[in-house]
file work26.cif (mmCIF, C-alpha atoms)
data_upload
#
loop_
_atom_site.label_atom_id
_atom_site.label_comp_id
_atom_site.auth_asym_id
_atom_site.auth_seq_id
_atom_site.Cartn_x
_atom_site.Cartn_y
_atom_site.Cartn_z
CA MET A 165 60.87 57.21 198.14
CA ARG A 166 59.91 53.61 197.40
CA ASN A 167 58.71 53.08 193.86
CA ASP A 168 56.85 49.77 194.24
CA TYR A 169 54.36 49.42 197.10
CA LEU A 170 50.72 49.09 198.21
CA PHE A 171 48.92 52.16 199.52
CA THR A 172 45.40 52.58 200.94
CA SER A 173 43.04 55.49 201.60
CA GLU A 174 39.49 55.59 202.93
CA SER A 175 36.47 57.84 202.60
CA VAL A 176 33.15 58.17 204.41
CA SER A 177 29.76 59.24 203.07
CA GLU A 178 27.73 62.34 203.83
CA GLY A 179 25.64 60.19 206.18
CA HIS A 180 28.56 59.06 208.34
CA PRO A 181 27.95 60.49 211.85
CA ASP A 182 31.17 62.53 211.86
CA LYS A 183 30.33 63.93 208.43
CA VAL A 184 26.81 64.80 209.55
CA SER A 185 28.47 66.86 212.29
CA ASP A 186 30.90 68.49 209.84
CA GLN A 187 28.09 69.48 207.49
CA ILE A 188 26.02 70.96 210.30
CA SER A 189 29.00 72.96 211.58
CA ASP A 190 29.69 74.31 208.10
CA ALA A 191 26.01 75.13 207.58
CA ILE A 192 26.33 77.36 210.65
CA VAL A 193 29.48 78.98 209.21
CA ASP A 194 27.59 79.65 205.96
CA LEU A 195 24.62 81.08 207.83
CA PHE A 196 26.79 83.57 209.72
CA LEU A 197 28.83 84.54 206.63
CA SER A 198 25.63 85.09 204.65
CA LYS A 199 24.73 87.81 207.17
CA ASP A 200 28.22 89.21 207.77
CA PRO A 201 31.32 88.43 205.67
CA GLU A 202 33.47 89.33 208.68
CA ALA A 203 31.65 86.95 211.05
CA ARG A 204 33.64 84.82 213.44
CA VAL A 205 32.53 81.22 213.93
CA ALA A 206 34.00 78.27 215.79
CA CYS A 207 31.16 75.76 215.86
CA GLU A 208 31.44 72.19 217.12
CA THR A 209 28.62 69.69 216.59
CA MET A 210 27.88 66.44 218.38
CA THR A 211 25.32 64.02 216.97
CA THR A 212 23.88 60.90 218.55
CA THR A 213 20.57 59.06 218.69
CA ASN A 214 17.94 61.68 217.80
CA ARG A 215 20.04 64.51 219.21
CA VAL A 216 22.18 67.34 217.81
CA VAL A 217 24.20 69.59 220.12
CA LEU A 218 26.05 72.76 219.05
CA ALA A 219 28.77 74.47 221.08
CA GLY A 220 31.36 77.13 220.34
CA GLU A 221 32.12 80.81 219.92
CA VAL A 222 30.50 83.15 217.42
CA ARG A 223 30.30 86.78 216.41
CA GLY A 224 28.47 88.36 213.50
CA ASN A 225 26.15 91.18 212.59
CA GLY A 226 22.65 90.00 211.90
CA MET A 227 23.07 86.99 214.20
CA ILE A 228 24.65 88.02 217.49
CA ASP A 229 25.98 91.41 218.55
CA ARG A 230 29.11 92.27 220.51
CA ASP A 231 27.09 92.36 223.73
CA GLY A 232 26.08 88.76 223.22
CA ASP A 233 22.44 89.34 222.39
CA TRP A 234 20.91 87.21 219.66
CA SER A 235 19.28 89.05 216.79
CA PRO A 236 15.53 88.52 216.32
CA GLY A 237 14.92 85.17 214.65
CA ALA A 238 18.60 84.10 214.78
CA LEU A 239 18.05 81.12 217.06
CA GLU A 240 15.23 79.87 214.85
CA GLU A 241 17.44 80.23 211.76
CA ILE A 242 20.17 78.16 213.38
CA GLN A 243 17.77 75.35 214.25
CA THR A 244 16.23 75.47 210.77
CA ALA A 245 19.69 75.19 209.20
CA VAL A 246 20.54 72.17 211.35
CA ARG A 247 17.35 70.29 210.51
CA ALA A 248 17.74 71.13 206.81
CA VAL A 249 21.16 69.48 206.70
CA VAL A 250 19.86 66.28 208.29
CA ARG A 251 16.87 66.24 205.95
CA GLU A 252 18.97 66.80 202.82
CA ILE A 253 21.30 63.96 203.78
CA GLY A 254 18.23 61.75 203.98
CA TYR A 255 17.80 60.83 207.63
CA GLU A 256 14.19 59.93 208.34
CA GLN A 257 14.81 56.95 210.61
CA SER A 258 13.43 56.14 214.03
CA GLY A 259 16.86 56.67 215.62
CA PHE A 260 17.72 59.86 213.73
CA HIS A 261 15.08 61.98 212.03
CA TRP A 262 15.43 65.58 210.91
CA GLN A 263 12.00 66.48 212.22
CA ASN A 264 12.00 64.61 215.52
CA LEU A 265 15.57 65.04 216.77
CA ASN A 266 16.23 66.99 219.97
CA PHE A 267 18.30 70.11 219.34
CA GLU A 268 20.51 72.03 221.79
CA ASN A 269 22.33 75.28 221.01
CA HIS A 270 25.24 76.22 223.28
CA LEU A 271 26.92 78.76 220.98
CA HIS A 272 28.09 81.91 222.78
CA PRO A 273 29.95 85.18 221.99
CA GLN A 274 33.59 84.96 220.92
CA SER A 275 36.19 85.53 223.63
CA SER A 276 37.42 89.12 223.66
CA ASP A 277 40.92 87.80 224.42
CA ILE A 278 40.94 85.90 221.12
CA ALA A 279 39.30 88.76 219.22
CA GLN A 280 41.99 91.27 220.23
CA GLY A 281 44.68 89.10 218.69
CA VAL A 282 42.85 88.48 215.44
CA ASP A 283 41.20 91.83 214.65
CA ALA A 284 43.09 94.55 212.83
CA SER A 285 43.42 97.81 214.78
CA GLY A 286 45.40 101.01 214.25
CA ASN A 287 48.66 100.08 212.52
CA LYS A 288 48.26 96.41 213.45
CA ASP A 289 47.38 94.06 210.60
CA GLU A 290 44.87 91.30 211.19
CA GLY A 291 46.59 88.38 212.91
CA ALA A 292 46.22 84.65 212.49
CA GLY A 293 43.34 83.18 214.47
CA ASP A 294 45.61 80.60 216.08
CA GLN A 295 49.08 79.16 215.92
CA GLY A 296 49.66 76.03 213.89
CA ILE A 297 51.11 74.30 210.86
CA MET A 298 49.18 73.62 207.66
CA PHE A 299 50.01 71.43 204.67
CA GLY A 300 48.95 71.37 201.03
CA PHE A 301 49.62 68.68 198.46
CA ALA A 302 49.14 67.83 194.81
CA CYS A 303 50.31 65.04 192.51
CA ASP A 304 49.65 63.98 188.93
CA GLU A 305 47.94 60.64 189.70
CA THR A 306 44.43 61.83 188.76
CA PRO A 307 42.90 64.58 186.58
CA ASP A 308 42.21 66.67 189.68
CA LEU A 309 45.81 66.24 190.88
CA MET A 310 44.93 64.15 193.92
CA PRO A 311 46.21 60.85 195.34
CA ALA A 312 44.42 58.10 193.42
CA THR A 313 43.54 55.99 196.47
CA LEU A 314 41.57 58.81 198.09
CA TYR A 315 40.19 60.17 194.82
CA TYR A 316 38.51 56.86 193.93
CA SER A 317 37.39 56.22 197.52
CA HIS A 318 35.48 59.50 197.35
CA LYS A 319 34.09 58.82 193.88
CA ILE A 320 32.62 55.46 194.88
CA LEU A 321 30.62 57.02 197.72
CA GLU A 322 29.61 60.07 195.71
CA ARG A 323 28.13 57.80 193.03
CA MET A 324 26.29 55.71 195.61
CA ALA A 325 24.87 58.83 197.27
CA ALA A 326 23.69 60.17 193.91
CA ASP A 327 21.94 56.87 193.18
CA ARG A 328 20.35 56.88 196.64
CA HIS A 329 19.02 60.40 196.25
CA SER A 330 17.72 59.76 192.72
CA GLY A 331 15.95 56.56 193.74
CA LYS A 332 18.13 54.41 191.49
CA ALA A 333 19.40 52.48 194.54
CA PRO A 334 16.49 52.62 197.04
CA PHE A 335 18.05 49.90 199.21
CA LEU A 336 20.89 52.23 200.26
CA GLU A 337 20.75 54.26 203.47
CA PRO A 338 22.91 57.35 204.18
CA ASP A 339 25.81 55.92 206.22
CA ALA A 340 28.69 54.35 204.27
CA LYS A 341 32.46 53.94 204.15
CA SER A 342 34.87 52.99 201.37
CA GLN A 343 38.52 52.04 201.12
CA VAL A 344 40.76 51.57 198.09
CA THR A 345 44.13 49.80 198.01
CA LEU A 346 46.29 50.35 194.94
CA ARG A 347 49.56 48.79 193.85
CA TYR A 348 52.13 51.34 192.77
CA LYS A 349 54.93 50.58 190.34
CA ASP A 350 57.59 53.16 189.60
CA GLY A 351 55.55 55.48 191.80
CA LYS A 352 52.39 55.24 189.67
CA PRO A 353 49.14 53.35 190.43
CA VAL A 354 48.87 50.23 188.26
CA ALA A 355 46.32 47.93 189.96
CA ALA A 356 43.54 47.89 192.54
CA THR A 357 44.28 45.02 194.89
CA ALA A 358 41.39 45.55 197.33
CA ILE A 359 38.12 47.48 197.49
CA VAL A 360 36.20 47.79 200.76
CA VAL A 361 32.66 49.22 200.90
CA SER A 362 30.42 49.12 203.95
CA THR A 363 27.01 50.68 203.45
CA GLN A 364 23.95 51.04 205.60
CA HIS A 365 21.06 49.29 203.87
CA ALA A 366 17.31 48.74 203.97
CA ALA A 367 15.89 45.85 205.96
CA GLY A 368 16.87 42.43 204.70
CA TYR A 369 19.70 43.41 202.35
CA HIS A 370 22.22 41.37 204.32
CA GLU A 371 21.02 37.94 203.25
CA GLY A 372 19.90 35.90 200.28
CA ASN A 373 19.05 37.46 196.94
CA LYS A 374 18.88 40.95 198.39
CA GLU A 375 22.45 40.71 199.66
CA ALA A 376 23.55 39.49 196.23
CA GLU A 377 21.77 42.45 194.62
CA LEU A 378 23.52 44.90 196.94
CA LYS A 379 26.95 43.41 196.30
CA ALA A 380 26.42 43.32 192.54
CA TYR A 381 25.38 46.97 192.62
CA VAL A 382 28.52 48.02 194.53
CA LYS A 383 30.79 46.12 192.13
CA LYS A 384 29.06 47.86 189.22
CA VAL A 385 29.68 51.26 190.80
CA VAL A 386 33.33 50.43 191.33
CA ALA A 387 33.66 49.33 187.69
CA GLU A 388 32.12 52.60 186.53
CA VAL A 389 34.26 54.81 188.80
CA LEU A 390 37.71 53.24 188.63
CA PRO A 391 39.66 53.07 185.36
CA ALA A 392 39.26 49.62 183.81
CA ALA A 393 43.04 49.22 183.69
CA LEU A 394 43.18 49.17 187.51
CA LEU A 395 40.63 46.37 187.93
CA SER A 396 41.14 42.67 187.28
CA ALA A 397 40.12 39.22 188.46
CA GLU A 398 42.76 39.66 191.17
CA THR A 399 40.95 42.62 192.76
CA ALA A 400 39.54 41.55 196.14
CA TYR A 401 36.14 42.97 197.15
CA HIS A 402 34.99 43.27 200.77
CA ILE A 403 31.38 44.51 200.68
CA ASN A 404 29.66 44.83 204.05
CA PRO A 405 32.13 42.31 205.47
CA THR A 406 30.51 42.32 208.92
CA GLY A 407 27.10 41.41 207.45
CA LYS A 408 24.01 43.28 208.61
CA PHE A 409 24.27 47.10 208.60
CA GLU A 410 20.76 48.48 209.18
CA ILE A 411 21.44 50.73 212.18
CA GLY A 412 23.79 53.51 211.12
CA GLY A 413 24.52 57.20 211.25
CA PRO A 414 24.34 59.01 214.59
CA ASP A 415 21.98 56.32 215.90
CA GLY A 416 24.71 53.71 215.48
CA ASP A 417 27.67 55.83 216.55
CA ALA A 418 28.05 59.34 217.92
CA GLY A 419 29.47 61.92 215.52
CA LEU A 420 31.77 64.87 216.18
CA THR A 421 33.03 67.75 214.06
CA GLY A 422 36.62 67.41 212.88
CA ARG A 423 37.16 63.68 213.34
CA LYS A 424 37.78 62.88 209.66
CA ILE A 425 40.70 65.17 208.85
CA ILE A 426 42.57 62.62 206.71
CA VAL A 427 39.43 61.89 204.68
CA ASP A 428 39.07 65.68 204.31
CA THR A 429 42.60 66.13 202.96
CA TYR A 430 44.88 63.64 201.18
CA GLY A 431 44.04 60.20 202.51
CA GLY A 432 47.35 59.84 204.32
CA ALA A 433 49.45 60.46 201.20
CA ALA A 434 50.66 63.80 202.60
CA PRO A 435 51.23 65.28 206.07
CA HIS A 436 48.45 66.97 208.03
CA GLY A 437 49.05 69.76 210.51
CA GLY A 438 46.37 68.45 212.85
CA GLY A 439 43.71 71.14 212.60
CA ALA A 440 40.23 70.39 211.29
CA PHE A 441 38.38 72.63 208.82
CA SER A 442 34.64 72.41 209.32
CA GLY A 443 32.91 74.80 211.69
CA LYS A 444 35.63 77.45 211.35
CA ASP A 445 35.34 80.80 209.60
CA PRO A 446 38.22 81.60 207.21
CA THR A 447 40.12 83.82 209.68
CA LYS A 448 41.14 80.50 211.23
CA VAL A 449 44.34 79.56 209.42
CA ASP A 450 43.66 75.89 210.14
CA ARG A 451 41.22 76.29 207.29
CA SER A 452 42.36 79.16 205.06
CA ALA A 453 46.07 78.31 205.09
CA ALA A 454 45.32 74.66 204.33
CA TYR A 455 43.32 75.91 201.33
CA ILE A 456 46.08 78.23 200.08
CA THR A 457 48.75 75.54 200.40
CA ARG A 458 46.62 73.16 198.33
CA TYR A 459 46.11 75.97 195.82
CA LEU A 460 49.85 76.62 195.59
CA ALA A 461 50.81 72.95 195.34
CA LYS A 462 48.16 72.30 192.69
CA ASN A 463 49.30 75.25 190.60
CA ILE A 464 52.92 74.11 190.80
CA VAL A 465 51.97 70.67 189.49
CA ALA A 466 49.55 72.11 186.93
CA ALA A 467 52.34 74.37 185.67
CA GLY A 468 54.54 71.35 184.99
CA LEU A 469 57.04 72.49 187.62
CA ALA A 470 56.74 69.17 189.48
CA THR A 471 54.72 65.96 189.45
CA ARG A 472 54.41 65.88 193.24
CA CYS A 473 54.46 68.79 195.67
CA THR A 474 54.03 69.31 199.42
CA ILE A 475 53.84 72.78 200.96
CA GLN A 476 53.86 73.78 204.63
CA LEU A 477 52.95 77.10 206.25
CA ALA A 478 53.24 78.02 209.94
CA TYR A 479 51.59 80.84 211.91
CA ALA A 480 51.46 82.33 215.41
CA ILE A 481 48.22 83.59 216.93
CA GLY A 482 47.80 87.33 216.48
CA VAL A 483 50.71 87.56 214.00
CA SER A 484 49.89 88.30 210.38
CA LYS A 485 52.97 87.09 208.52
CA PRO A 486 53.67 83.36 208.26
CA LEU A 487 56.60 82.12 210.34
CA SER A 488 57.76 79.81 207.56
CA LEU A 489 57.04 78.57 204.06
CA TYR A 490 58.39 75.18 202.99
CA VAL A 491 58.15 73.62 199.53
CA ASP A 492 59.11 70.01 198.78
CA THR A 493 58.72 68.62 195.26
CA HIS A 494 60.11 65.24 196.31
CA GLY A 495 62.80 65.26 193.67
CA THR A 496 60.31 65.81 190.83
CA GLY A 497 60.76 69.57 190.43
CA THR A 498 62.08 71.25 187.30
CA VAL A 499 63.51 74.08 189.43
CA GLY A 500 64.87 74.17 192.95
CA ASP A 501 62.39 74.12 195.84
CA ASP A 502 64.05 77.26 197.25
CA ARG A 503 63.28 79.08 194.00
CA LEU A 504 59.64 78.05 194.27
CA GLU A 505 59.50 79.40 197.83
CA ALA A 506 60.95 82.73 196.68
CA ALA A 507 58.59 82.89 193.72
CA ILE A 508 55.52 82.32 195.90
CA MET A 509 56.50 85.04 198.37
CA GLY A 510 57.21 87.41 195.48
CA ILE A 511 53.80 87.13 193.78
CA GLU A 512 52.06 90.39 194.66
CA SER A 513 48.50 89.03 194.53
CA LEU A 514 49.33 86.54 197.30
CA GLY A 515 50.14 89.42 199.66
CA GLY A 516 52.81 87.60 201.61
CA LEU A 517 50.28 84.92 202.61
CA THR A 518 48.83 86.88 205.52
CA PRO A 519 45.41 85.68 206.68
CA ARG A 520 43.68 88.68 205.13
CA ALA A 521 45.58 88.28 201.84
CA ILE A 522 44.68 84.60 201.64
CA ARG A 523 40.99 85.32 202.13
CA THR A 524 41.08 88.13 199.58
CA HIS A 525 42.94 86.14 196.93
CA LEU A 526 40.68 83.10 197.21
CA GLY A 527 37.45 84.95 198.07
CA LEU A 528 36.85 82.98 201.25
CA ASN A 529 34.51 85.37 203.11
CA LYS A 530 31.45 83.83 201.52
CA PRO A 531 28.94 81.11 202.47
CA ILE A 532 30.68 78.37 200.45
CA TYR A 533 31.61 75.77 203.04
CA ARG A 534 28.74 73.29 203.44
CA LYS A 535 29.62 71.71 200.06
CA SER A 536 33.18 71.06 201.22
CA ALA A 537 32.14 69.11 204.31
CA ALA A 538 31.58 65.75 202.58
CA TYR A 539 33.68 63.86 200.00
CA GLY A 540 36.82 65.87 200.65
CA HIS A 541 37.81 69.53 200.60
CA PHE A 542 40.27 68.95 197.77
CA GLY A 543 40.10 67.50 194.28
CA ARG A 544 36.72 69.16 193.71
CA LYS A 545 35.63 71.23 190.73
CA ALA A 546 36.02 74.98 191.13
CA GLU A 547 32.64 76.40 190.08
CA GLY A 548 31.63 80.00 190.67
CA ASP A 549 32.46 80.92 194.26
CA PHE A 550 32.84 77.30 195.35
CA PHE A 551 36.21 75.55 195.83
CA PRO A 552 38.31 78.54 194.69
CA TRP A 553 41.43 76.83 196.06
CA GLU A 554 41.07 74.29 193.23
CA ARG A 555 41.59 76.90 190.50
CA THR A 556 44.80 76.79 188.48
CA ASP A 557 44.90 80.50 187.72
CA LEU A 558 48.32 81.04 189.33
CA VAL A 559 50.22 79.06 186.69
CA ALA A 560 51.17 82.09 184.59
CA ASP A 561 52.23 84.10 187.66
CA LEU A 562 54.47 81.27 188.85
CA LYS A 563 56.18 81.03 185.49
CA VAL A 564 56.73 84.80 185.35
CA ALA A 565 58.10 84.85 188.91
CA LEU A 566 60.55 82.07 188.01
CA GLY A 567 61.77 84.00 184.99
#

call {"tool": "encode", "arguments": {"input": "work26.cif", "output": "structure tokens"}}
result
Amino acid sequence: MRNDYLFTSESVSEGHPDKVSDQISDAIVDLFLSKDPEARVACETMTTTNRVVLAGEVRGNGMIDRDGDWSPGALEEIQTAVRAVVREIGYEQSGFHWQNLNFENHLHPQSSDIAQGVDASGNKDEGAGDQGIMFGFACDETPDLMPATLYYSHKILERMAADRHSGKAPFLEPDAKSQVTLRYKDGKPVAATAIVVSTQHAAGYHEGNKEAELKAYVKKVVAEVLPAALLSAETAYHINPTGKFEIGGPDGDAGLTGRKIIVDTYGGAAPHGGGAFSGKDPTKVDRSAAYITRYLAKNIVAAGLATRCTIQLAYAIGVSKPLSLYVDTHGTGTVGDDRLEAAIMGIESLGGLTPRAIRTHLGLNKPIYRKSAAYGHFGRKAEGDFFPWERTDLVADLKVALG
């Protein structure tokens, strides 16, 4: 690995059109899981000018039965959930308004061909919902063991959204993007060389004193979010570099579920298997296995067994046991990577990392996903049932397993 280099990650706000779609899809997952912990959901959302369209496969008691009939009131609950997401984000614009948007629901019953491969029956354990490869990652660059470039990109937009919702920054509108470039020396971040923030704004905040106010506000947020040691007179700021940004969100650009997978994970600092998370119930290993690999990597770093860790899992549709487990501590491990692999597979509570064991260990069959659909699935605070994959409660088990 190179020790001295520049690296960049980006984030997008909750009002970005793709993130609007992700949050709607996960609101549908939560709705189904609130009725039936064993519900099956694969929900895709498309957003554009005053329109939201859902499509996908679903199954779940209290919402839709195995014959494909909707339960009384289920369709109204789905529409209510969709409009609530848009309202909570803050879209009340002529081109995208929670109350006035046109809504289409094209969800339909899950394919029986897929169901037979996933469901447990007789002596057959529950299989993975699809084939695929999933990666998890952790490093010691930030308190939450995330890559610093992505961590601070998220934090900038989270702070701006909080100020928008509270009324502290009334000139901000929901759509925004950020990007942070850091200089690394000896593999550690030492300086921010460039900060990019593009934010949708109220009328007129692209010129004169109002533009100056907006730019001063963004620089203040950056100064409050990033460690002072990373910022200097050499840090370059690019704030709304194209100028006017009044038309945004789904009115400015169509949004789709699953188009921000690098923002959702590690900002490009680690591999990604390709599968998106939002809109999928936790039987889909695209989601649950990505969560368990983050959990494992984070616990390895938290245990002091490495300062950087990448983990890969692979599955086949309908097969319960993973095809492979791969651990790479990038030369930072205190024990061999093969020993870590053996230790993980030997921890009884992990159950051999079958889909059912993953969901049981992390408690994933709950309506906990809407919160994960903006500002990253990882590097968040584990609180109650939310973000259980961010817990570091496996540290003791890892140390025992390693002797």

call {"tool": "closest_residue", "arguments": {"input": "work26.cif", "among": "A:Asp428, A:Glu377, A:Asp350, A:Glu241", "to": "Arg166 in chain A", "atoms": "all atoms listed in the file"}}
result
A:Asp350

call {"tool": "closest_residue", "arguments": {"input": "work26.cif", "among": "A:His261, A:Lys341, A:Arg458, A:His329", "to": "Ser317 in chain A", "atoms": "only C-alpha atoms"}}
result
A:Lys341

call {"tool": "atom_distance", "arguments": {"input": "work26.cif", "atom1": "CA of Ser173 in chain A", "atom2": "CA of Ala392 in chain A"}}
result
19.1 Å

call {"tool": "residues_around", "arguments": {"input": "work26.cif", "residues": "Leu469 in chain A", "least_positions_apart": "3", "cutoff": "6 Å", "atoms": "only C-alpha atoms", "output": "list in words"}}
result
Ile464, Val465, Gly497 and Thr498 of chain A

call {"tool": "resolve_selection", "arguments": {"input": "work26.cif", "expression": "the PyMOL selection byres ((chain A and resi 459) around 9)", "output": "ChimeraX atom specification"}}
result
/A:300-302,454-458,460-464,552-556,558

call {"tool": "write_last_selection", "arguments": {"input": "work26.cif", "atoms": "C-alpha atoms", "output": "PDB file, in the coordinates of the input"}}
result
ATOM      1  CA  GLY A 300      48.950  71.370 201.030  1.00  0.00           C
ATOM      2  CA  PHE A 301      49.620  68.680 198.460  1.00  0.00           C
ATOM      3  CA  ALA A 302      49.140  67.830 194.810  1.00  0.00           C
ATOM      4  CA  ALA A 454      45.320  74.660 204.330  1.00  0.00           C
ATOM      5  CA  TYR A 455      43.320  75.910 201.330  1.00  0.00           C
ATOM      6  CA  ILE A 456      46.080  78.230 200.080  1.00  0.00           C
ATOM      7  CA  THR A 457      48.750  75.540 200.400  1.00  0.00           C
ATOM      8  CA  ARG A 458      46.620  73.160 198.330  1.00  0.00           C
ATOM      9  CA  LEU A 460      49.850  76.620 195.590  1.00  0.00           C
ATOM     10  CA  ALA A 461      50.810  72.950 195.340  1.00  0.00           C
ATOM     11  CA  LYS A 462      48.160  72.300 192.690  1.00  0.00           C
ATOM     12  CA  ASN A 463      49.300  75.250 190.600  1.00  0.00           C
ATOM     13  CA  ILE A 464      52.920  74.110 190.800  1.00  0.00           C
ATOM     14  CA  PRO A 552      38.310  78.540 194.690  1.00  0.00           C
ATOM     15  CA  TRP A 553      41.430  76.830 196.060  1.00  0.00           C
ATOM     16  CA  GLU A 554      41.070  74.290 193.230  1.00  0.00           C
ATOM     17  CA  ARG A 555      41.590  76.900 190.500  1.00  0.00           C
ATOM     18  CA  THR A 556      44.800  76.790 188.480  1.00  0.00           C
ATOM     19  CA  LEU A 558      48.320  81.040 189.330  1.00  0.00           C
TER      20      LEU A 558
END

call {"tool": "resolve_selection", "arguments": {"input": "work26.cif", "expression": "the PyMOL selection byres ((chain A and resi 472) around 7)", "output": "JSON, numbers by chain"}}
result
{"A": [302, 303, 304, 465, 470, 471, 473, 493, 494, 496]}

call {"tool": "resolve_selection", "arguments": {"input": "work26.cif", "expression": "the PyMOL selection byres ((chain A and resi 543) around 8)", "output": "ChimeraX atom specification"}}
result
/A:308-310,315,540-542,544-545,554

call {"tool": "atom_distance", "arguments": {"input": "work26.cif", "atom1": "CA of Val216 in chain A", "atom2": "CA of Phe196 in chain A"}}
result
18.7 Å

call {"tool": "closest_atom_pairs", "arguments": {"input": "work26.cif", "of": "range 247-335 of chain A", "to": "range 512-530 of chain A", "cutoff": "8 Å", "atoms": "all atoms listed in the file", "output": "tab-separated table"}}
result
residue	atom	partner	partner_atom	distance
A:Glu290	CA	A:Arg520	CA	6.7
A:Gly291	CA	A:Pro519	CA	6.9
A:Ala292	CA	A:Pro519	CA	6.0

call {"tool": "atom_distance", "arguments": {"input": "work26.cif", "atom1": "CA of Pro311 in chain A", "atom2": "CA of Ala356 in chain A"}}
result
13.5 Å
